[in-house]
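One structure below.
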Amino acid sequence: MGKVVGLMGDEAVAQAVRQSNVDVIAAYPITPQTIIVERLSEYVANGELDAAFVPVESEHSALSCCVGASLTGARVFTASAANGIALMFEITFIASSMRCPIVMAIVNRAFSAPINIHCSHDDTVALRDASWVHLISESVQEAYDNTVQAFKIAEDPRVLLPTSISLDGFILSHCLERIEMLDDEVVSEFLPPRKAEYKLDPEKPITFGPLALYDYYFEFKRQQEEAMRNALTVVKEVAKKYEEISGRKYGTIKKFMTDDADVVLVCMGSAAGTARVVAKSLRKEGKKVGVLSVRLFRPFPTEDVRETLENAKAVAVIDRSSAPGCVGGPLFEDICTALYDLPERPLTYNIIAGLGGRDITPDQIKQMYNIGFKYIEKGKVEDKVLWIGVR
Amino acid sequence: MLKGWKEIPIGGMILEPGNSVNFKTGDWRAMKPVIDKSKCVKCLMCWTLCPEPAIIRHDDNSVDINYDFCKGCGICAKICPRKAITMVPEGGE
């Protein structure tokens with residue numbers, strides 16, 4: 001029944017992809033995602049994985065190749081980060097609009113400049129409107145589990161949208177962690193070969209990617225919106241099925257001591273673990289704090305978020321990316337939108353933290369909670385957006 | 001006539017091969033080719049080179065133009081060795 005291994009985040013993703021029996025991998029290496037691509041090319045070269053590995057010349061080509069491969073009915077994987085995501089940006093919209101269930105690992109890295117190889121969530125949040133399902137990982141185990149689930153979500157006939165799994169660059173991608181891997185056969189059974197209803201087939205020719213102007217473009221966008229709404233259900237269904245084979249529980253969000261919390265901290269990615277440790281210690285001091293970490297960034301689980309936060313007095317949202325000129329970071333805006341219709345809203349404030357791989361420390365988290373208690377005492381938010389950890 | 005989002009295949013897919021015959025695509029033409037049959041020698045250069053193809057070839061190798069699909073590109077008029085095809089403004093008659 002599976003095995004316990006020590007793997008880095010990138011290696012865990014590569015193992016999950018190998019077990020998922022992908023048919024085509026097209027990727028271009030970029031730090032900190034490189035190890036995923038290296039491992040997969042090794043698996044293909046030494047016969048552990050029966051797939052076509054296409055060493056393309058750029059990320060734009062990588063995703064273009066994935067689109068073509070996906071349209072033949074193949075199971076397709078790619079991986080990228082930061083500037084690589086920026087270069088493939090055009091194709092990210094084409095992949096979703098042509099309903100290609102490609103799975104991509106995004107190993108979160110800050111956008112240049114200045115050039116930086118460490119973690120910000122810039123790349124994932126840049127794709128928030130690209131009609132992709134976005135799963136976020138808090139640990140190496142979650143990166144592995146999310147990868148296997150991503151194929152099942154993406155390929156569900158009710159969804160048929162590309163799906164990304166994000167993991168924090170270096171913090172997770174290069175961190176050796178104890179993880180539980182499933183047996184190859186168990187994953188194979190969970191993910192039987194893809195059966196595409198529509199595919200490029202000379203025996204049954206159909207047309208992909210024609211022109212649609214003001215007469216039909218609007219309708220195709222509405223279909224994508226429907227697929228996104230369906231994804232909310234499918235993500236939960238797949239999580240349930242995955243729990244049966246793994247014993248590990250997943251949802252759209254993860255709650256920690258939120259039920260009676262006065263101040264809840266909301267975040268995505270590896271910072272959640274730190275936040276939970278701090279929350280636990282603050283609870284011992286009698287402070288009612290909790291953590292809500294977002295696993296499903298798109299489609300955004302508005303209802304689940306609202307139900308979890310409706311009784312909080314203050315909500316702090318960490319964005320590990322800056323959105324200059326916006327009210328706050330992208331996650332903050334989503335959270336505020338989710339809470340807006342409540343008759344009595346919690347106080348909300350945004351924290352920009354951890355940019356370019358800077359540590360989000362327990363002391364910083366404590367500070368974030370304390371700000372919430374101060375705001376509750378004063379009955380109002382003083383600074384809506386705080387940059388914490390910056391000199 | 002236009003269908004709603006629930007009634008059409010997803011992602012812009014066209015499931016019926018060769019369905020372009022159901023659509024008349026020649027309606028944006030600005031210039032229209034007109035054949036003077038008295039000059040035509042049935043060489044079929046226009047039929048060979050029409051990119052559409054919108055030149056109709058009859059059994060005796062005489063030709064006509066299918067105005068439902070002709071875009072008015074003028075290749076036929078340009079290539080005709082006997083200058084039997086002239087381009088005239090659409091709707092100008």
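If you're wondering about the labels, chains in the structure tokens are A, B, ... by order shown, residues count from 1 in each chain, ligands from 1 in order shown.
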Practice item. For Pro53 in chain B, work out the shell of residues within 9 Å, counting only C-alpha atoms and skipping chain neighbours fewer than 6 positions away, then give it as an MDAnalysis selection string. Key: chainID B and resid 47 66 69:70
Point to revise | Contact residues around range 20-24 of chain A with only C-alpha atoms at 9 Å, ignoring same-chain residues under 2 positions, as a PyMOL selection string | key: chain A and resi 15-18+26+49-54+66+69-70+74-78+147-148+151+184+187-188+190-193
**Study point:** Atomic separation - CA of Val107 in chain A relative to CA of Tyr144 in chain A, Å
**Key:** 12.7 Å
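The list of chain B residues within 12 Å of chain A is Met1, Leu2, Lys3, Gly4, Trp5, Lys6, Glu7, Ile8, Pro9, Ile10, Gly11, Gly12, Met13, Ile14, Leu15, Glu16, Pro17, Gly18, Asn19 and Ser20 of chain B; this uses only C-alpha atoms.
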Would you mind listing, for every residue of range 140-227 of chain A within 8 Å of range 122-135 of chain A, the two atoms forming the shortest contact and the distance between them in Å to one decimal, using only C-alpha atoms, sorted by chain and ascending residue number, as JSON lines?
{"residue": "A:Asn146", "atom": "CA", "partner": "A:Leu135", "partner_atom": "CA", "distance": 6.9}
{"residue": "A:Ala150", "atom": "CA", "partner": "A:Leu135", "partner_atom": "CA", "distance": 7.8}
{"residue": "A:Ala154", "atom": "CA", "partner": "A:Val133", "partner_atom": "CA", "distance": 7.7}
{"residue": "A:Leu161", "atom": "CA", "partner": "A:Trp132", "partner_atom": "CA", "distance": 6.0}
{"residue": "A:Pro162", "atom": "CA", "partner": "A:Trp132", "partner_atom": "CA", "distance": 5.2}
{"residue": "A:Thr163", "atom": "CA", "partner": "A:Val133", "partner_atom": "CA", "distance": 4.5}
{"residue": "A:Ser164", "atom": "CA", "partner": "A:His134", "partner_atom": "CA", "distance": 4.9}
{"residue": "A:Ile165", "atom": "CA", "partner": "A:Leu135", "partner_atom": "CA", "distance": 4.7}
{"residue": "A:Ser166", "atom": "CA", "partner": "A:Leu135", "partner_atom": "CA", "distance": 6.2}
{"residue": "A:Gln224", "atom": "CA", "partner": "A:Ser131", "partner_atom": "CA", "distance": 7.0}
{"residue": "A:Glu225", "atom": "CA", "partner": "A:Ser131", "partner_atom": "CA", "distance": 7.9}
Same residues, N, CA and C atoms, output as a short mmCIF file (atom, residue, chain, number, x, y, z; two decimals), in the first residue's frame:
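Printed below is again31.cif as written:
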data_model
loop_
_atom_site.label_atom_id
_atom_site.label_comp_id
_atom_site.auth_asym_id
_atom_site.auth_seq_id
_atom_site.Cartn_x
_atom_site.Cartn_y
_atom_site.Cartn_z
N ASN A 146 -1.82 16.75 -5.72
CA ASN A 146 -2.51 17.65 -6.65
C ASN A 146 -2.23 17.28 -8.10
N ALA A 150 -5.05 16.50 -10.69
CA ALA A 150 -5.22 17.51 -11.75
C ALA A 150 -5.64 16.87 -13.07
N ALA A 154 -9.02 17.91 -14.97
CA ALA A 154 -8.92 18.53 -16.30
C ALA A 154 -9.67 17.73 -17.35
N LEU A 161 -10.77 21.65 -19.20
CA LEU A 161 -9.98 22.89 -19.15
C LEU A 161 -8.58 22.53 -18.67
N PRO A 162 -7.58 23.30 -19.12
CA PRO A 162 -6.25 23.04 -18.58
C PRO A 162 -6.22 23.31 -17.08
N THR A 163 -5.36 22.58 -16.39
CA THR A 163 -5.31 22.68 -14.94
C THR A 163 -3.85 22.84 -14.51
N SER A 164 -3.62 23.80 -13.63
CA SER A 164 -2.26 23.99 -13.13
C SER A 164 -2.18 23.51 -11.70
N ILE A 165 -1.00 23.06 -11.33
CA ILE A 165 -0.73 22.81 -9.91
C ILE A 165 0.48 23.69 -9.57
N SER A 166 0.33 24.49 -8.53
CA SER A 166 1.41 25.39 -8.15
C SER A 166 2.11 24.89 -6.91
N GLN A 224 -17.18 28.30 -21.41
CA GLN A 224 -16.01 28.18 -20.52
C GLN A 224 -16.39 28.52 -19.08
N GLU A 225 -17.23 29.54 -18.94
CA GLU A 225 -17.70 29.91 -17.61
C GLU A 225 -18.44 28.74 -16.96
#
Exercise for review: Find the residues near Ile35 in chain B: any atom within 7 Å, counting only C-alpha atoms, skip ones fewer than 4 places away on the same chain, and give them as a list of chain:residue names.
Suggested key: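 In the requested format, the answer is B:Ala84, B:Ile85, B:Thr86.
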File dump, residues just selected, C-alpha atoms, as a compact mmCIF listing (two decimals), in the first residue's frame:
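So the final result, stored in out05.txt, reads:
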# COMPACT_ATOMS: atom_id res chain seq x y z
CA ALA B 84 -11.78 37.02 -71.61
CA ILE B 85 -12.36 37.84 -67.93
CA THR B 86 -12.78 41.40 -66.69
Practice item. If you run DSSP over the backbone, which residues in range 37-122 of chain A end up strand (DSSP E)? Put them as JSON, numbers by chain. Key: {"A": [52, 53, 54, 55, 76, 77, 78, 79, 80, 103, 104, 105, 106, 107, 108]}
Practice item. Write out as a list in words all residues of chain B that DSSP puts in helix (DSSP H, G or I) for this structure's backbone. Key: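 Here are the helix (DSSP H, G or I) residues of chain B: Ile10, Gly11, Gly12, Asn19, Ser20, Val21, Asn22, Met45, Cys46, Trp47, Thr48, Leu49, Ile75, Cys76, Ala77, Lys78 and Ile79 of chain B.
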Review point. What's the 12 Å shell around Ile56 in chain B, counting only C-alpha atoms, without same-chain residues fewer than 4 positions away, as a count of residues only?
Key: 19
Check your understanding: If we count only C-alpha atoms, what is near Val327 in chain A at a cut-off of 10 Å, once residues fewer than 5 positions away on the same chain are taken out, given as a list of chain:residue names?
Key -> A:Phe332, A:Glu333, A:Asn350, A:Lys384, A:Val385
Using only C-alpha atoms, which protein or nucleic acid residues come within 12 Å of Arg82 in chain B? Drop anything in the same chain fewer than 5 positions from it, and give the result as a short mmCIF file (atom, residue, chain, number, x, y, z; two decimals) with C-alpha atoms, in the first residue's frame.
data_model
loop_
_atom_site.label_atom_id
_atom_site.label_comp_id
_atom_site.auth_asym_id
_atom_site.auth_seq_id
_atom_site.Cartn_x
_atom_site.Cartn_y
_atom_site.Cartn_z
CA ILE B 35 -16.51 36.13 -68.57
CA ASP B 36 -16.82 37.10 -72.21
CA LYS B 37 -17.49 33.62 -73.59
CA SER B 38 -16.83 34.71 -77.17
CA LYS B 39 -13.15 35.19 -76.24
CA CYS B 40 -12.77 32.06 -74.07
CA VAL B 41 -10.63 29.24 -75.61
CA LYS B 42 -11.32 26.75 -72.77
CA CYS B 43 -7.66 26.63 -71.68
CA LEU B 44 -8.83 26.20 -68.03
CA MET B 45 -6.08 28.40 -66.59
CA CYS B 46 -8.72 30.19 -64.48
CA CYS B 76 -8.69 34.53 -63.06
CA ALA B 77 -8.82 37.86 -64.87
#
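Interatomic distance, CA of Ile25 in chain A to CA of Pro55 in chain A: 8.5 Å.
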Point to revise | Who sits within 8 Å of range 254-264 of chain A, only C-alpha atoms, same chain under 3 positions skipped, as a ChimeraX atom specification | key: /A:250-251,276,288-295,308-309,311-316,369,372-373
Practice item. Provide the CA of Arg29 in chain B to CA of Ala54 in chain B distance in Å, to one decimal place. Key: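 CA of Arg29 in chain B sits 12.6 Å away from CA of Ala54 in chain B.
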Review point. Which is closest to Leu71 in chain A among A:Val4, A:Ile106, A:Ala196, A:Val56, if we use only C-alpha atoms?
Key: A:Ala196
